[in-house]
Amino acid sequence: MSYTAPLKDMLFTIEHLARIDQVAQMPGFEDAGLETAQAVLEECAKLNEGVIAPLNWEGDKYPSSFHDGKVTTTPGFKEAFKQYAEGGWQGLQHPADFGGQGLPKTIGAACGEILNSANMSFALCPLLTDGAIEALLTAGSDELKATYLEKLVSGQWTGTMNLTEPQAGSDLAAVRSRAEPQPDGTYKVFGTKIYITYGEHDMAENIVHLVLARVTGAPEGVKGISLFVVPKFMVGKDGTLGARNDVHCVSIEHKMGIKASPTAVLQYGDHGGAVGYLVGQENRGLEYMFIMMNAARYAVGVQGIAIAERAYQKAVVYAKDRVQSRPVDGTLSAAAPIIHHPDVKRMLMTMRAYTEGCRAMAAVAAAAYDAAHHHPDADTRQQNAAFYEFLVPLVKGYSTEMSLEVTSLGVQVHGGMGFIEETGAAQYYRDAKILTIYEGTTAIQANDLVGRKTARDGGTGAKAIAAQIEKTENELVQRDSANARAVHKRLKAAREAFVDVVEFIAANTRSNPNAAFAGSVPYLMLAGNLMAGWQLARSLMVAEDLSAKGQDTAFMQAKITTARFYADHILSRAPGMRDAIVEGAEAVTALAIESF
């Protein structure tokens, strides 16, 4: 089926929750208000609906292939990527100094959702390039920036992130790839890297690999890792491409989903050493790579929202078309479209509420990122940076886990036909599974939330966010609305459950780490649930006010209903999650290992 970008909901979220008007008051973003956001999103929708979305099913049927060291992408991908690059979409939120458009992340993230809904396999190439650009902007020398950034920002070249090795997995302390210093200031890089998204392909002239490796004599563990730029083709001083570097694809993986995205095994240095260029300083590579990883983690969370939206749209169309059984309330005497049945409505409302809640959470996070980097006041920048950093593992972890539930429900709405590949519903389910794994599994996001974002400051930052949520509760309780009062009840209970868990985590992370980390993923899910529910509570108040003024009444009523559903059916899970975390830790670790 075709894909239609949910522009109305995106623009509602950008305007009323992310407050694009405030973003547009920051230096550098003066021309990036709502009017610009609408124009950009509409153009983005045209390209993706008309060119990129039709290739999604083709990519699942005819995935990228590997032969004689070369990767050939799905037919149509190369031509679509050319249109994507020529349209300036790769440089949307990158600096104008390097050919980008310099738009805020608040707009860029929405465009990222549209691209990933259209075709997640295709979107992974720009996603990794964005991360490479961010790392070079932050830590690259002037020479590296001059050599690589303009071509990456234009989409003429693409980028990759090379962390994982066969023996290391997510444990980067075990990285063995090595880099030998050369008299001319370059390095010779040797090693094997796995799971490299778009590590080899035919869509761009050059591929710029950012590679973690150990300089000869470096300390053991993560403190001895450095970051290098290793181009597929050498780049001359005049910017022209030269000889092939000593990095080669030896295979691509056969995967359960995102089949059109080539996941490469790359071999460095089989013929004398791949030429690499140090990024920043030696032994600070993990610090620089985290810049890429944070950008990628947020983007993967957006992928979860995107695939959920696509699955929801497909399920709604099927539920309106598929005729089966009479309604249980007797309103129709003959078989009716299944959307008349209460349980189908429950599934569709769950899909809708999850997707809109996570979209709102991601948009608010993007606005915080923009303020953290561009607001003129230093204290405001710091506060927004802390808020954004807290939200990143939630956007990544909660949004991707919810995408699994939503895409599974999409299959369920289709019934038996959902289990048949030709209907297309199963592809979204298969594609969604990787989102909870790559760029750090959900447990890794939860470890970050527990250690860096909660225990490190004794829960102070988390409680400060809870105080902001309490202000929203106070606004809700003052409204003469049954929906507002119902959402207030659920939001208050969820916020209180969250604070209890924050205190438990802060008290136990050092003294009883098994207890704290036994509940780490449930804590992440509770926190993500609360943050998404908070944003939908805000959306309910806006929608009530606009509906009362007669503005787009049907849309506003749908927003109110969705927020109420989220509160009653999803946010209401928070107190039970609190009990499992605070009171159930012992049961997680009590069973003897030999008894498993």
# chains A, B, ... in the order shown; residues from 1 in each chain; ligands from 1
$ closest_atom_pairs --of "segment 149-198 of chain A" --to "segment 276-296 of chain A" --cutoff "9 Å" --atoms "only C-alpha atoms" --output "CSV"
residue,atom,partner,partner_atom,distance
A:Met161,CA,A:Met292,CA,7.7
A:Leu163,CA,A:Met289,CA,8.5
A:Leu172,CA,A:Leu286,CA,8.5
A:Ala179,CA,A:Gly276,CA,8.0
A:Gly185,CA,A:Tyr277,CA,7.9
A:Thr186,CA,A:Tyr277,CA,5.3
A:Tyr187,CA,A:Gly276,CA,5.0
A:Lys188,CA,A:Gly276,CA,6.0
A:Val189,CA,A:Gly276,CA,6.2
$ select_by_dssp --residues "segment 160-382 of chain A" --states "helix (DSSP H, G or I)" --output "MDAnalysis selection string"
chainID A and resid 172:174 221:224 285:321 338:340 342:374 378:382
$ atom_distance --atom1 "atom CA of Pro219 of chain A" --atom2 "atom CA of Ala139 of chain A"
20.9 Å
$ residues_around --residues "Lys471 of chain A" --least-positions-apart "2" --cutoff "12 Å" --atoms "only C-alpha atoms" --output "PyMOL selection string"
chain A and resi 464-469+473-478+488+491-492+495+534+537-538
$ closest_atom_pairs --of "segment 399-483 of chain A" --to "segment 50-63 of chain A" --cutoff "12 Å" --atoms "only C-alpha atoms" --output "Markdown table"
| residue | atom | partner | partner_atom | distance |
| --- | --- | --- | --- | --- |
| A:Glu421 | CA | A:Lys61 | CA | 9.9 |
| A:Glu422 | CA | A:Trp57 | CA | 9.4 |
| A:Thr423 | CA | A:Trp57 | CA | 10.1 |
| A:Gly424 | CA | A:Trp57 | CA | 7.4 |
| A:Ala425 | CA | A:Trp57 | CA | 10.4 |
| A:Ala426 | CA | A:Asp60 | CA | 10.7 |
| A:Gln427 | CA | A:Asp60 | CA | 7.5 |
| A:Tyr428 | CA | A:Trp57 | CA | 10.1 |
| A:Arg430 | CA | A:Asp60 | CA | 10.3 |
| A:Asp431 | CA | A:Asp60 | CA | 9.5 |
$ write_last_selection --atoms "C-alpha atoms" --output "short mmCIF file (atom, residue, chain, number, x, y, z; two decimals), in the first residue's frame"
data_model
loop_
_atom_site.label_atom_id
_atom_site.label_comp_id
_atom_site.auth_asym_id
_atom_site.auth_seq_id
_atom_site.Cartn_x
_atom_site.Cartn_y
_atom_site.Cartn_z
CA GLU A 421 4.38 -12.14 3.28
CA GLU A 422 2.52 -10.85 0.22
CA THR A 423 0.30 -8.61 2.35
CA GLY A 424 3.37 -6.65 3.55
CA ALA A 425 2.43 -6.42 7.23
CA ALA A 426 5.06 -8.96 8.25
CA GLN A 427 7.88 -6.89 6.74
CA TYR A 428 7.30 -4.08 9.22
CA ARG A 430 10.64 -8.13 10.83
CA ASP A 431 12.24 -4.75 10.12
#
$ residues_around --residues "Val582 of chain A" --least-positions-apart "4" --cutoff "12 Å" --atoms "only C-alpha atoms" --output "mmCIF file with C-alpha atoms, in the first residue's frame"
data_model
loop_
_atom_site.group_PDB
_atom_site.id
_atom_site.type_symbol
_atom_site.label_atom_id
_atom_site.label_comp_id
_atom_site.auth_asym_id
_atom_site.auth_seq_id
_atom_site.Cartn_x
_atom_site.Cartn_y
_atom_site.Cartn_z
ATOM 1 C CA ALA A 497 5.728 5.643 40.417
ATOM 2 C CA PHE A 498 8.635 7.118 38.423
ATOM 3 C CA VAL A 499 9.936 9.101 41.413
ATOM 4 C CA ASP A 500 9.790 5.989 43.605
ATOM 5 C CA VAL A 501 11.856 4.086 41.062
ATOM 6 C CA VAL A 502 14.360 6.940 40.663
ATOM 7 C CA GLU A 503 14.918 6.900 44.431
ATOM 8 C CA PHE A 504 15.294 3.113 44.398
ATOM 9 C CA ILE A 505 17.818 3.232 41.541
ATOM 10 C CA ALA A 506 19.811 6.074 43.131
ATOM 11 C CA ALA A 507 19.935 4.252 46.480
ATOM 12 C CA ASN A 508 20.919 0.836 45.111
ATOM 13 C CA ALA A 515 18.901 -5.026 42.420
ATOM 14 C CA ALA A 516 19.205 -1.752 40.494
ATOM 15 C CA PHE A 517 20.130 -3.305 37.166
ATOM 16 C CA ALA A 518 17.576 -6.115 37.456
ATOM 17 C CA GLY A 519 14.997 -3.397 36.942
ATOM 18 C CA SER A 520 16.939 -1.283 34.452
ATOM 19 C CA PRO A 522 11.564 -1.878 33.183
ATOM 20 C CA TYR A 523 12.758 1.511 34.521
ATOM 21 C CA PRO A 575 2.353 1.726 38.950
ATOM 22 C CA GLY A 576 2.601 -2.000 38.283
ATOM 23 C CA MET A 577 5.993 -1.514 36.661
ATOM 24 C CA ARG A 578 7.082 0.409 39.762
ATOM 25 C CA GLU A 586 15.269 -10.322 44.272
ATOM 26 C CA ALA A 587 13.200 -12.707 42.152
ATOM 27 C CA VAL A 588 15.216 -11.750 39.052
#
$ residues_around --residues "Ala563 of chain A" --least-positions-apart "3" --cutoff "10 Å" --atoms "only C-alpha atoms" --output "short mmCIF file (atom, residue, chain, number, x, y, z; two decimals) with C-alpha atoms, in the first residue's frame"
data_model
loop_
_atom_site.label_atom_id
_atom_site.label_comp_id
_atom_site.auth_asym_id
_atom_site.auth_seq_id
_atom_site.Cartn_x
_atom_site.Cartn_y
_atom_site.Cartn_z
CA ARG A 352 -2.05 5.15 17.19
CA ALA A 353 -1.50 6.25 20.78
CA TYR A 354 1.97 4.71 21.04
CA GLU A 356 1.74 9.77 18.54
CA GLY A 357 3.12 9.68 22.08
CA ASN A 483 -10.89 13.91 29.88
CA ALA A 484 -8.42 16.26 31.55
CA VAL A 487 -5.53 12.03 32.28
CA ALA A 532 5.28 10.08 26.08
CA GLY A 533 2.17 10.25 28.28
CA TRP A 534 3.25 13.67 29.56
CA GLN A 535 3.49 15.03 26.04
CA LEU A 536 0.07 13.62 25.12
CA ALA A 537 -1.36 15.24 28.24
CA ARG A 538 0.00 18.56 26.99
CA SER A 539 -1.47 17.84 23.55
CA LEU A 540 -4.88 17.20 25.11
CA MET A 541 -4.96 20.66 26.67
CA ALA A 543 -6.49 20.33 21.45
CA GLN A 557 -11.19 15.66 19.05
CA ALA A 558 -9.09 12.79 17.73
CA LYS A 559 -6.07 14.18 19.60
CA ILE A 560 -8.12 14.37 22.80
CA TYR A 566 -3.00 6.45 26.14
CA ALA A 567 -3.62 7.49 29.73
CA ASP A 568 -6.20 4.77 30.42
CA LEU A 571 0.17 5.12 31.12
#
